Each structure stands twice: as C-alpha cells, then as structure tokens.
Amino acid sequence: NAVKVMFIKRQGRHHYLIELNANVEITLKSRKDYLTGDNSDIIPTDTIKNTVHALAKIKGVNTIEQFSLDLCHHFLTSFNHVLRAKVYMEEAPWKRLNKNGVEHAHAFIYSPEACRFCDVEQNLGGTPVVHSGVKDMKVLKTTQSGFEGFLRDRFTTLQETKDRVFCTTVYSRWRYNKVQDVDFDACSNPPLQLTKSILKTEKINPKRKPSVEEIEIVMPNQHYFTIDMTKMGLNNKDEVFLPLDSPSGNITGTVCRKQRARL
C-alpha cells in the first residue's frame, strides 16, 4: 500500500507530470503460507513496490487507469499462481501554472480541488473491471437551498427552512463497459458535469458506443448553522455561521444504462 511515484514526460521545453499513490493486492492459488508457514510462493511486498516503480519506467504513465491495467496484466502474466490482481490508485492534483492566461511549460501548482482515483480488478483469464472517480470535492452555495415539507412524527424537532447554506463533499465513482480505446482523461470531469458530457458525446456521434456504464454519487449534507447572537445583543442576519462536520445525512444515487436486448 501507499506506493508513491512521480512520472515526468519531457517533450522539449514542455513537460508533463503525473504523481500517484498506488495500493496493489494480489490473490494466489496457494495456501501453504497460511497452513504450514511455507513462504516459497509469496511475492514480497518489496517486489510489488519495485514493480510499480519499474513499470512506470518501462511503460510510462499516461493515466492512472491505464497504468493500473498495466500492473494487473503484469502480475497475472508474470506469475502462474496469481489468480487475481487489484489496484487502487490516487492521482495528486497537480495543475499547470497559469500566468496572464498562458500555461507554463514546466511549472505546476498543487491545487487540491478534488482527488481523482481509480480501481481496477482482473481475474486470471478474465476481463478487467475499471472504475474511475473523484472524491473530496467540496462545493457550497450561500442561498437558494431549503428543506421543508418533510415527514414529521413525535420525535421530529427540526424546523423547516426556506433558505440556507448548502454544502457537500462529492464522492463519485463510475464504471466503464470497456477498457480498450477509452479516453480516461475525458471521462474524469467533475461528476456534476459527467452525465452531460456523456450525453453530449452520444448526440454528436451516435455510432460511437458510450464507455461509461454506471455512475454512483454520494453527497453528505454538511451543515452551516446561523449562530444565535441575541443573548449578546446582536442581530445576526445570516452573516455568521457555525460549520458542523457531524452528524450528517448521506444522499446517494446510482444511475446506469438500460440493458439492451441482444439480437
């Protein structure tokens, strides 16, 4: 776990970088390490760490999804006793430095707007299952959000509100229906725009098969409460708020494509 790599691709003066943090898990068909303490089939974690570093050199890193696929393929084809390979990978949020509207050729700024991640799982002889996602994307609006008309019973004390601060930290994860010829970078838009971009792609080119099969979004309700200052002789007109991390409710949803009949 937590194998860190930075890969820099140099094209003249113009440089590209990607920094990642990888967790690799492999499943063996052998059990003798557990039953008798025989480690002869065990692939050391140091070997796994070195493999991540070496494949970054040999294969390069264009996207975390493709690099995860490369790692799964390596372990399943290099060892005849590996039954399954799983890789979870996060990408550090480096962005190219922009000055006066011009992108710098080799200067970057760490801009943690959201964390991009992926997980890839493949069984021996099977097709890889690839998920991508973003997490820790905090969004907030200061008005035009309310909560009213909800069900009440004898334990309900919450008052209705027509207007409030709305805040959430978005977690979104989507599954691909193929792994070949997928533009993983194009599919890594913030999840609130992802569905629109997929539909737009299909309308422009209806013959092109969509690459995203399912999208899951989790949006916890993070509260900002107006502080009552009447005991201090002050009238707080929704100007000063108290941020509360917990408790909160999780609002979740999953959308997937309707299965089409195969003729």
# chains A, B, ... in the order shown; residues from 1 in each chain; ligands from 1
call {"tool": "residues_around", "arguments": {"residues": "region 155-167 of chain A", "least_positions_apart": "6", "cutoff": "7 Å", "atoms": "only C-alpha atoms", "output": "VMD selection string"}}
result
chain A and resid 139 to 148 221 to 224
call {"tool": "write_last_selection", "arguments": {"atoms": "N, CA and C atoms", "output": "tab-separated table (two decimals), in the first residue's frame"}}
result
chain	number	residue	atom	x	y	z
A	139	VAL	N	-18.17	21.53	-2.37
A	139	VAL	CA	-18.90	22.60	-3.06
A	139	VAL	C	-19.88	23.24	-2.09
A	140	LEU	N	-20.14	24.53	-2.29
A	140	LEU	CA	-21.01	25.27	-1.36
A	140	LEU	C	-21.74	26.36	-2.12
A	141	LYS	N	-23.00	26.59	-1.76
A	141	LYS	CA	-23.75	27.74	-2.26
A	141	LYS	C	-24.41	28.43	-1.07
A	142	THR	N	-24.50	29.73	-1.13
A	142	THR	CA	-24.92	30.52	0.03
A	142	THR	C	-26.41	30.80	0.08
A	143	THR	N	-27.16	30.41	-0.95
A	143	THR	CA	-28.60	30.66	-0.96
A	143	THR	C	-29.27	29.71	-1.94
A	144	GLN	N	-30.60	29.81	-2.05
A	144	GLN	CA	-31.42	29.01	-2.95
A	144	GLN	C	-31.32	27.52	-2.63
A	145	SER	N	-31.29	27.22	-1.34
A	145	SER	CA	-31.38	25.83	-0.88
A	145	SER	C	-32.25	25.82	0.36
A	146	GLY	N	-33.18	24.90	0.42
A	146	GLY	CA	-34.05	24.81	1.58
A	146	GLY	C	-34.40	23.37	1.88
A	147	PHE	N	-35.08	23.15	3.01
A	147	PHE	CA	-35.54	21.82	3.37
A	147	PHE	C	-36.86	21.97	4.11
A	148	GLU	N	-37.93	21.60	3.44
A	148	GLU	CA	-39.26	21.76	4.02
A	148	GLU	C	-40.19	20.71	3.44
A	221	ASN	N	-24.61	15.74	3.56
A	221	ASN	CA	-25.13	17.08	3.85
A	221	ASN	C	-24.29	17.69	4.98
A	222	GLN	N	-23.47	18.67	4.65
A	222	GLN	CA	-22.61	19.31	5.63
A	222	GLN	C	-23.22	20.63	6.06
A	223	HIS	N	-23.45	20.76	7.35
A	223	HIS	CA	-24.28	21.85	7.86
A	223	HIS	C	-23.47	23.11	8.21
A	224	TYR	N	-24.08	24.25	7.92
A	224	TYR	CA	-23.62	25.57	8.39
A	224	TYR	C	-24.82	26.24	9.03
call {"tool": "closest_residue", "arguments": {"among": "A:His81, A:Arg173, A:His131, A:Arg116", "to": "Val218 (chain A)", "atoms": "only C-alpha atoms"}}
result
A:Arg173
call {"tool": "residues_around", "arguments": {"residues": "Val182 (chain A)", "least_positions_apart": "2", "cutoff": "12 Å", "atoms": "only C-alpha atoms", "output": "PyMOL selection string"}}
result
chain A and resi 63+65-66+130+132+175-180+184-188+208-212
call {"tool": "select_by_dssp", "arguments": {"residues": "region 53-230 of chain A", "states": "helix (DSSP H, G or I)", "output": "MDAnalysis selection string"}}
result
chainID A and resid 53:59 64:78 186:188 191:204 230
call {"tool": "closest_residue", "arguments": {"among": "A:Tyr88, A:Tyr110, A:Phe241, A:Phe79", "to": "Asp41 (chain A)", "atoms": "only C-alpha atoms"}}
result
A:Phe79
call {"tool": "select_by_dssp", "arguments": {"residues": "region 47-151 of chain A", "states": "strand (DSSP E or B)", "output": "ChimeraX atom specification"}}
result
/A:82-91,94-99,102-110,115-123,129-141,147
call {"tool": "residues_around", "arguments": {"residues": "Asp70 (chain A)", "least_positions_apart": "6", "cutoff": "12 Å", "atoms": "only C-alpha atoms", "output": "PyMOL selection string"}}
result
chain A and resi 24+51-52+54-56+58-64+76-78+85-87+120-122+128+179
call {"tool": "atom_distance", "arguments": {"atom1": "CA of Glu25 (chain A)", "atom2": "CA of Cys118 (chain A)"}}
result
14.0 Å
call {"tool": "residues_around", "arguments": {"residues": "Val5 (chain A)", "least_positions_apart": "4", "cutoff": "10 Å", "atoms": "only C-alpha atoms", "output": "JSON, numbers by chain"}}
result
{"A": [18, 19, 20, 21, 22, 49, 52, 53, 56, 61, 91]}
